[in-house]
Number of protein chains: 2
Amino acid sequence: MFKGLSAFPLTPLNASGIDEKAFLHILARLTAAKVDSLGVLGSTGSYAYFTREQRKRIATLAVQHADAIPVMVSIGAVSTDEVLRLAEDAQQAGASALLLPAVSYQKLTDDEVFGLYQDVTRHVSLPVCIYDNPGTSHFVFSDALHARIATLPHIASIKIPGVPAEIAAATQRVNALRDQLPQDVTIGVSGDAFAAAGLIAGCEVWYSVCGGLFPHTAKAMTDAAMAGDFAAVAEQGQRLAPLWALFTQHGGSIRVIAAAASALGLAEYDCLPRPLRSLSAADVVEVKRVITDLELA
Amino acid sequence: MFKGLSAFPLTPLNASGIDEKAFLHILARLTAAKVDSLGVLGSTGSYAYFTREQRKRIATLAVQHADAIPVMVSIGAVSTDEVLRLAEDAQQAGASALLLPAVSYQKLTDDEVFGLYQDVTRHVSLPVCIYDNPGTSHFVFSDALHARIATLPHIASIKIPGVPAEIAAATQRVNALRDQLPQDVTIGVSGDAFAAAGLIAGCEVWYSVCGGLFPHTAKAMTDAAMAGDFAAVAEQGQRLAPLWALFTQHGGSIRVIAAAASALGLAEYDCLPRPLRSLSAADVVEVKRVITDLELA
């Protein structure tokens with residue numbers, strides 16, 4: 001399952017809590033587009049803002065409505081004990097894989113992060129994807145640490161935070177990591193602005209925020225990459241530049257995707273977990289203009 | 001209560017979970033030393049690694065054994081909903097004040113952090129101390145944002161992360177912040193290596209990790225500052241430089257304080273919440289040597 005397009009949907013809220021109807025509506029768009037896997041409760045799915053009970057409920061709902069598409073669930077938490085409880089919950093909910101970041105409060109050492117993956121992989125039965133996202137987890141993986149963790153049982157893929165924009169440099173970066181990994185561990189690009197370069201550079205997966213709301217566009221781009229049509233991939237990546245520019249402008253993708261979801265009537269305006277706030281009404285209008293111009297709406 | 005020495009104890013673990021006996025033993029040293037306030041479940045108290053139930057239990061135990069010394073409890077969490085639940089728990093436990101950091105997963109905007117403090121101060125009845133710790137919460141406060149938050153009801157103090165080492169620069173830094181605050185909001189220094197400079201520069205409080213394990217030394221230093229004996233404060237700060245050097249060497253104070261507690265027989269060797277790991281046995285020996293040389297043991 002660690003190939004192709006892995007779509008990461010929002011978990012929208014409303015005044016009562018999680019907006020399950022809106023979540024299932026967004027999920028139905030992804031199953032209709034036949035994405036290769038679903039990455040629920042990723043950073044875009046706001047896992048870090050929910051209680052254990054909420055996370056179990058979302059994982060269960062996602063599996064029930066996944067239309068047999070494999071579901072990966074983030075089990076990230078600051079405490080290893082909590083990660084182990086979340087892993088158990090995700091397994092009971094019927095997930096197909098676990099996504100594990102190194103969420104840090106105290107700055108972690110490499111040995112501590114290795115120990116986290118060791119403790120977790122000893123206890124789980126599902127494949128685990130290493131989630132390398134320094135912008136949110138505040139831990140920076142070295143390739144050597146990735147290589148060390150990748151030798152553990154159950155490790156199946158690495159979600160890397162991005163690659164250099166220039167293709168030769170991106171290829172060099174992906175190859176440098178791959179040279180240190182077991183053959184069956186795939187590399188997936190995230191940070192949507194880097195997706196084209198990452199796919200052209202040989203990443204087997206796109207762990208995609210864009211794909212969580214605009215699955216047809218992201219699927220076409222990923223399929224083109226898998227077919228070796230790198231010109232089409234590069235063209236799509238460039239065509240979507242105004243969307244990536246909004247991500248940069250608003251300090252990341254989540255507030256822009258929430259705005260796009262509300263502009264499309266797929267979520268309420270105020271759909272992010274506090275303390276996060278929705279973009280201003282004017283910014284939502286601008287997001288709507290961009291996604292309409294890009295024929296994403 | 002936002003004056004003098006506020007001592008921040010460890011919350012040690014053992015194989016069964018929280019080591020309540022060890023926690024109460026450490027707490028008893030602080031009450032015997034008559035510290036001015038207790039900062040339980042601070043970063044050193046590992047609040048970020050515990051469940052809501054564990055945090056309520058520790059807050060309750062601390063208040064019961066505080067010997068009438070006011071207890072401040074950290075209510076930090078990524079989600080505002082969780083912060084509100086933790087605030088309610090701390091109030092029910094009998095805390096005297098709440099310590100609120102801007103813990104972030106997604107990078108927060110100034111308006112989002114202001115909104116967090118606004119949402120919380122609307123719901124609580126206790127005084128609130130702003131916890132400014134970019135190293136763990138990954139949010140950087142500007143003085144302008146501190147000033148904006150300090151106008152909210154209940155805001156009583158700001159725990160700042162440190163000051164420049166040089167006294168003139170430290171004084172300028174503390175004065176620049178103070179000029180923007182209401183008169184009744186105190187400023188407390190943390191980052192123990194900066195304590196002497198901060199106290200000499202006019203901070204009314206030392207929010208102290210060192211004071212959580214070595215209360216007599218920290219109390220003497222704080223009392224000297226309150227009495228205007230800045231030569232004594234500077235001398236103590238310099239004398240303790242080998243301890244501050246260990247904090248730097250080991251990426252922060254928590255692992256060193258845990259090692260010191262175990263060296264003193266106040267906690268088990270493996271007393272930190274996973275994924276955090278204890279220092280090596282050799283490092284614990286070195287910590288013991290330093291605290292013995294400094295006559296802290």
# chains A, B, ... in the order shown; residues from 1 in each chain; ligands from 1
>>> closest_atom_pairs(of="region 60-173 of chain B", to="region 231-254 of chain B", cutoff="12 Å", atoms="only C-alpha atoms", output="Markdown table")
| residue | atom | partner | partner_atom | distance |
| --- | --- | --- | --- | --- |
| B:Gly135 | CA | B:Gly252 | CA | 9.3 |
| B:Thr136 | CA | B:Gly252 | CA | 10.2 |
| B:Ala165 | CA | B:Gly237 | CA | 10.7 |
| B:Glu166 | CA | B:Ala234 | CA | 10.9 |
| B:Ile167 | CA | B:Ala234 | CA | 9.7 |
>>> write_last_selection(atoms="all heavy atoms", output="JSON list (two decimals), in the first residue's frame")
[["chain", "number", "residue", "atom", "x", "y", "z"],
["B", 135, "GLY", "N", 11.80, 26.93, 23.45],
["B", 135, "GLY", "CA", 12.54, 25.68, 23.26],
["B", 135, "GLY", "C", 11.66, 24.44, 23.32],
["B", 135, "GLY", "O", 11.97, 23.43, 22.71],
["B", 136, "THR", "N", 10.57, 24.51, 24.07],
["B", 136, "THR", "CA", 9.68, 23.35, 24.16],
["B", 136, "THR", "C", 8.33, 23.59, 23.48],
["B", 136, "THR", "O", 7.76, 22.67, 22.90],
["B", 136, "THR", "CB", 9.41, 22.98, 25.64],
["B", 136, "THR", "OG1", 8.94, 24.14, 26.32],
["B", 136, "THR", "CG2", 10.66, 22.47, 26.32],
["B", 165, "ALA", "N", 23.34, 37.58, 29.26],
["B", 165, "ALA", "CA", 24.21, 37.31, 30.42],
["B", 165, "ALA", "C", 24.76, 38.62, 31.01],
["B", 165, "ALA", "O", 24.97, 38.71, 32.23],
["B", 165, "ALA", "CB", 25.37, 36.41, 29.99],
["B", 166, "GLU", "N", 24.96, 39.60, 30.20],
["B", 166, "GLU", "CA", 25.57, 40.85, 30.65],
["B", 166, "GLU", "C", 24.49, 41.69, 31.34],
["B", 166, "GLU", "O", 23.38, 41.85, 30.84],
["B", 166, "GLU", "CB", 26.16, 41.56, 29.42],
["B", 166, "GLU", "CG", 27.29, 42.51, 29.72],
["B", 166, "GLU", "CD", 26.75, 43.91, 29.93],
["B", 166, "GLU", "OE1", 26.01, 44.37, 29.06],
["B", 166, "GLU", "OE2", 27.07, 44.51, 30.98],
["B", 167, "ILE", "N", 24.81, 42.23, 32.54],
["B", 167, "ILE", "CA", 23.78, 42.86, 33.39],
["B", 167, "ILE", "C", 23.11, 44.06, 32.73],
["B", 167, "ILE", "O", 21.88, 44.20, 32.79],
["B", 167, "ILE", "CB", 24.38, 43.28, 34.76],
["B", 167, "ILE", "CG1", 24.97, 42.04, 35.48],
["B", 167, "ILE", "CG2", 23.31, 43.94, 35.64],
["B", 167, "ILE", "CD1", 23.99, 40.96, 35.82]]
>>> interface_residues(of="chain B", to="chain A", cutoff="7 Å", atoms="only C-alpha atoms", output="list in words")
Ala48, Tyr49, Val78, Ser79, Thr80, Tyr105, Gln106, Glu112, Val113, Gly115, Leu116, Thr136, Ser137, Arg274, Pro275, Leu276 and Arg277 of chain B
>>> residues_around(residues="Asp19 (chain B)", least_positions_apart="4", cutoff="12 Å", atoms="only C-alpha atoms", output="count of residues only")
22
>>> select_by_dssp(residues="region 42-208 of chain B", states="strand (DSSP E)", output="list in words")
Val71, Met72, Val73, Ser74, Ala97, Leu98, Leu99, Leu100, Pro101, Val128, Cys129, Ile130, Tyr131, Ile155, Ala156, Ser157, Ile158, Lys159, Ile160, Thr186, Ile187, Gly188, Val189, Val205, Trp206, Tyr207 and Ser208 of chain B
>>> select_by_dssp(residues="region 128-289 of chain A", states="alpha helix (DSSP H)", output="ChimeraX atom specification")
/A:134-137,143-150,167-178,195-200,210-213,215-226,230-239,241-249,254-263,281-289
>>> residues_around(residues="Ser125 (chain A)", least_positions_apart="3", cutoff="9 Å", atoms="only C-alpha atoms", output="list in words")
Gln91, Thr121, Arg122 and His154 of chain A
>>> residues_around(residues="Ala28 (chain A)", least_positions_apart="6", cutoff="9 Å", atoms="only C-alpha atoms", output="short mmCIF file (atom, residue, chain, number, x, y, z; two decimals) with N, CA, C and O atoms, in the first residue's frame")
data_model
loop_
_atom_site.label_atom_id
_atom_site.label_comp_id
_atom_site.auth_asym_id
_atom_site.auth_seq_id
_atom_site.Cartn_x
_atom_site.Cartn_y
_atom_site.Cartn_z
N HIS A 65 -15.77 3.45 6.02
CA HIS A 65 -16.20 4.13 4.79
C HIS A 65 -15.10 4.20 3.74
O HIS A 65 -15.17 5.01 2.82
N ALA A 66 -14.07 3.38 3.87
CA ALA A 66 -12.90 3.49 2.99
C ALA A 66 -13.09 2.74 1.68
O ALA A 66 -12.24 2.84 0.78
N ASP A 67 -14.18 1.99 1.57
CA ASP A 67 -14.45 1.28 0.32
C ASP A 67 -13.27 0.37 -0.02
O ASP A 67 -12.84 0.28 -1.19
#
>>> residues_around(residues="Met72 (chain B)", least_positions_apart="2", cutoff="9 Å", atoms="only C-alpha atoms", output="CSV table (one decimal) with N, CA and C atoms, in the first residue's frame")
chain,number,residue,atom,x,y,z
B,6,SER,N,10.1,30.4,42.9
B,6,SER,CA,9.1,29.4,42.5
B,6,SER,C,9.8,28.2,42.1
B,37,SER,N,6.8,29.6,46.2
B,37,SER,CA,5.7,28.9,45.5
B,37,SER,C,6.2,27.7,44.9
B,38,LEU,N,5.3,26.8,44.5
B,38,LEU,CA,5.6,25.5,43.9
B,38,LEU,C,5.1,25.5,42.5
B,39,GLY,N,5.9,25.2,41.5
B,39,GLY,CA,5.5,25.1,40.1
B,39,GLY,C,5.4,23.6,39.7
B,40,VAL,N,4.3,23.0,40.0
B,40,VAL,CA,4.3,21.5,39.7
B,40,VAL,C,3.8,21.3,38.3
B,41,LEU,N,4.3,20.2,37.7
B,41,LEU,CA,3.9,19.9,36.3
B,41,LEU,C,4.3,21.0,35.4
B,42,GLY,N,5.5,21.6,35.7
B,42,GLY,CA,6.1,22.4,34.6
B,42,GLY,C,6.8,21.5,33.6
B,59,ALA,N,-1.5,17.2,40.7
B,59,ALA,CA,-1.9,18.5,41.2
B,59,ALA,C,-2.6,18.3,42.6
B,70,PRO,N,1.6,28.3,48.1
B,70,PRO,CA,0.8,28.3,46.9
B,70,PRO,C,1.4,27.4,45.8
B,74,SER,N,0.8,23.7,35.6
B,74,SER,CA,0.8,23.9,34.2
B,74,SER,C,-0.4,23.3,33.6
B,90,ALA,N,-7.3,21.5,37.5
B,90,ALA,CA,-6.3,22.2,38.4
B,90,ALA,C,-7.1,23.0,39.5
B,95,ALA,N,-5.4,24.2,43.2
B,95,ALA,CA,-4.2,25.0,42.8
B,95,ALA,C,-4.5,26.5,43.1
B,96,SER,N,-3.4,27.3,43.3
B,96,SER,CA,-3.5,28.7,43.5
B,96,SER,C,-3.3,29.5,42.2
B,97,ALA,N,-2.7,28.9,41.2
B,97,ALA,CA,-2.4,29.6,40.0
B,97,ALA,C,-2.2,28.6,38.8
B,98,LEU,N,-2.4,29.1,37.6
B,98,LEU,CA,-2.3,28.3,36.4
B,98,LEU,C,-1.1,28.8,35.5
B,99,LEU,N,-0.3,27.9,35.0
B,99,LEU,CA,0.8,28.2,34.2
B,99,LEU,C,0.5,27.8,32.7
B,128,VAL,N,-3.3,33.6,36.2
B,128,VAL,CA,-2.6,32.8,35.1
B,128,VAL,C,-1.2,33.5,34.9
B,129,CYS,N,-0.2,32.6,34.8
B,129,CYS,CA,1.1,33.0,34.4
B,129,CYS,C,1.4,32.6,33.0
>>> atom_distance(atom1="CA of Ala225 (chain A)", atom2="CA of Pro9 (chain A)")
21.7 Å
>>> closest_residue(among="B:Tyr207, B:Phe214, B:Phe139, B:Phe230", to="Ile257 (chain B)", atoms="only C-alpha atoms")
B:Phe214
>>> residues_around(residues="Leu152 (chain B)", least_positions_apart="3", cutoff="7 Å", atoms="only C-alpha atoms", output="PDB file with C-alpha atoms, in the first residue's frame")
ATOM      1  CA  GLN B 118      -8.472  34.990  25.768  1.00  0.00           C
ATOM      2  CA  ILE B 149      -2.116  39.243  26.545  1.00  0.00           C
ATOM      3  CA  ILE B 155      -2.881  37.481  33.898  1.00  0.00           C
TER       4      ILE B 155
END
>>> atom_distance(atom1="CA of Ala195 (chain B)", atom2="CA of Thr292 (chain B)")
21.0 Å
>>> decode(residues="region 114-149 of chain B", atoms="N, CA, C and O atoms", output="short mmCIF file (atom, residue, chain, number, x, y, z; two decimals), in the first residue's frame")
data_model
loop_
_atom_site.label_atom_id
_atom_site.label_comp_id
_atom_site.auth_asym_id
_atom_site.auth_seq_id
_atom_site.Cartn_x
_atom_site.Cartn_y
_atom_site.Cartn_z
N PHE B 114 -2.99 34.79 21.13
CA PHE B 114 -3.82 35.71 21.90
C PHE B 114 -5.21 35.09 22.14
O PHE B 114 -5.73 35.13 23.26
N GLY B 115 -5.77 34.49 21.11
CA GLY B 115 -7.09 33.84 21.23
C GLY B 115 -7.08 32.73 22.28
O GLY B 115 -8.05 32.57 23.02
N LEU B 116 -5.99 31.98 22.34
CA LEU B 116 -5.87 30.92 23.35
C LEU B 116 -5.96 31.52 24.76
O LEU B 116 -6.74 31.06 25.60
N TYR B 117 -5.17 32.56 25.01
CA TYR B 117 -5.18 33.18 26.35
C TYR B 117 -6.54 33.83 26.64
O TYR B 117 -7.02 33.82 27.77
N GLN B 118 -7.16 34.38 25.60
CA GLN B 118 -8.47 34.99 25.77
C GLN B 118 -9.51 33.91 26.12
O GLN B 118 -10.28 34.07 27.07
N ASP B 119 -9.50 32.82 25.38
CA ASP B 119 -10.46 31.73 25.65
C ASP B 119 -10.28 31.19 27.06
O ASP B 119 -11.25 30.89 27.75
N VAL B 120 -9.02 31.04 27.49
CA VAL B 120 -8.76 30.42 28.79
C VAL B 120 -9.10 31.40 29.92
O VAL B 120 -9.77 31.04 30.89
N THR B 121 -8.66 32.66 29.79
CA THR B 121 -8.90 33.60 30.90
C THR B 121 -10.38 33.93 31.05
O THR B 121 -10.82 34.33 32.12
N ARG B 122 -11.17 33.72 30.01
CA ARG B 122 -12.63 33.90 30.12
C ARG B 122 -13.26 32.83 31.00
O ARG B 122 -14.33 33.03 31.54
N HIS B 123 -12.58 31.68 31.10
CA HIS B 123 -13.21 30.53 31.77
C HIS B 123 -12.66 30.25 33.16
O HIS B 123 -13.24 29.43 33.88
N VAL B 124 -11.55 30.86 33.54
CA VAL B 124 -10.92 30.47 34.80
C VAL B 124 -11.17 31.50 35.89
O VAL B 124 -11.52 32.65 35.61
N SER B 125 -10.95 31.07 37.13
CA SER B 125 -11.09 31.99 38.26
C SER B 125 -9.74 32.28 38.91
O SER B 125 -9.63 33.18 39.74
N LEU B 126 -8.70 31.54 38.56
CA LEU B 126 -7.38 31.69 39.20
C LEU B 126 -6.48 32.62 38.39
O LEU B 126 -6.66 32.77 37.18
N PRO B 127 -5.44 33.17 39.04
CA PRO B 127 -4.44 33.92 38.28
C PRO B 127 -3.69 33.00 37.31
O PRO B 127 -3.50 31.82 37.58
N VAL B 128 -3.27 33.60 36.21
CA VAL B 128 -2.58 32.85 35.14
C VAL B 128 -1.21 33.46 34.90
O VAL B 128 -1.07 34.68 34.82
N CYS B 129 -0.20 32.60 34.81
CA CYS B 129 1.14 33.02 34.44
C CYS B 129 1.40 32.61 33.00
O CYS B 129 1.21 31.44 32.64
N ILE B 130 1.81 33.56 32.18
CA ILE B 130 2.18 33.24 30.78
C ILE B 130 3.52 32.50 30.80
O ILE B 130 4.48 32.97 31.41
N TYR B 131 3.55 31.37 30.15
CA TYR B 131 4.77 30.54 30.12
C TYR B 131 5.39 30.68 28.73
O TYR B 131 4.89 30.09 27.76
N ASP B 132 6.46 31.43 28.67
CA ASP B 132 7.13 31.73 27.40
C ASP B 132 8.38 30.84 27.33
O ASP B 132 9.40 31.14 27.95
N ASN B 133 8.26 29.73 26.60
CA ASN B 133 9.38 28.78 26.52
C ASN B 133 9.51 28.26 25.09
O ASN B 133 9.04 27.17 24.77
N PRO B 134 10.14 29.05 24.22
CA PRO B 134 10.20 28.66 22.80
C PRO B 134 10.89 27.32 22.57
O PRO B 134 10.57 26.63 21.59
N GLY B 135 11.80 26.93 23.45
CA GLY B 135 12.54 25.68 23.26
C GLY B 135 11.66 24.44 23.32
O GLY B 135 11.97 23.43 22.71
N THR B 136 10.57 24.51 24.07
CA THR B 136 9.68 23.35 24.16
C THR B 136 8.33 23.59 23.48
O THR B 136 7.76 22.67 22.90
N SER B 137 7.83 24.83 23.57
CA SER B 137 6.49 25.08 23.00
C SER B 137 6.58 25.45 21.53
O SER B 137 5.60 25.39 20.80
N HIS B 138 7.78 25.85 21.09
CA HIS B 138 8.03 26.20 19.69
C HIS B 138 7.22 27.39 19.23
O HIS B 138 6.87 27.49 18.06
N PHE B 139 6.91 28.28 20.17
CA PHE B 139 6.30 29.55 19.81
C PHE B 139 7.15 30.67 20.40
O PHE B 139 7.54 30.61 21.57
N VAL B 140 7.42 31.69 19.59
CA VAL B 140 8.22 32.83 20.04
C VAL B 140 7.30 34.02 20.29
O VAL B 140 6.65 34.52 19.36
N PHE B 141 7.23 34.45 21.56
CA PHE B 141 6.44 35.63 21.91
C PHE B 141 7.22 36.90 21.58
O PHE B 141 8.41 36.99 21.89
N SER B 142 6.56 37.88 21.02
CA SER B 142 7.12 39.23 20.96
C SER B 142 6.69 39.97 22.23
O SER B 142 5.72 39.59 22.89
N ASP B 143 7.42 41.04 22.58
CA ASP B 143 7.00 41.84 23.73
C ASP B 143 5.61 42.43 23.48
O ASP B 143 4.80 42.57 24.41
N ALA B 144 5.34 42.78 22.23
CA ALA B 144 4.03 43.36 21.91
C ALA B 144 2.91 42.36 22.19
O ALA B 144 1.84 42.72 22.71
N LEU B 145 3.15 41.10 21.89
CA LEU B 145 2.13 40.08 22.17
C LEU B 145 1.98 39.87 23.67
O LEU B 145 0.85 39.76 24.19
N HIS B 146 3.11 39.83 24.39
CA HIS B 146 3.02 39.75 25.86
C HIS B 146 2.16 40.89 26.41
O HIS B 146 1.31 40.69 27.28
N ALA B 147 2.40 42.08 25.90
CA ALA B 147 1.68 43.26 26.39
C ALA B 147 0.18 43.12 26.11
O ALA B 147 -0.66 43.45 26.96
N ARG B 148 -0.14 42.59 24.92
CA ARG B 148 -1.55 42.44 24.54
C ARG B 148 -2.23 41.41 25.45
O ARG B 148 -3.33 41.63 25.95
N ILE B 149 -1.54 40.29 25.70
CA ILE B 149 -2.12 39.24 26.55
C ILE B 149 -2.21 39.72 28.00
O ILE B 149 -3.17 39.41 28.71
#
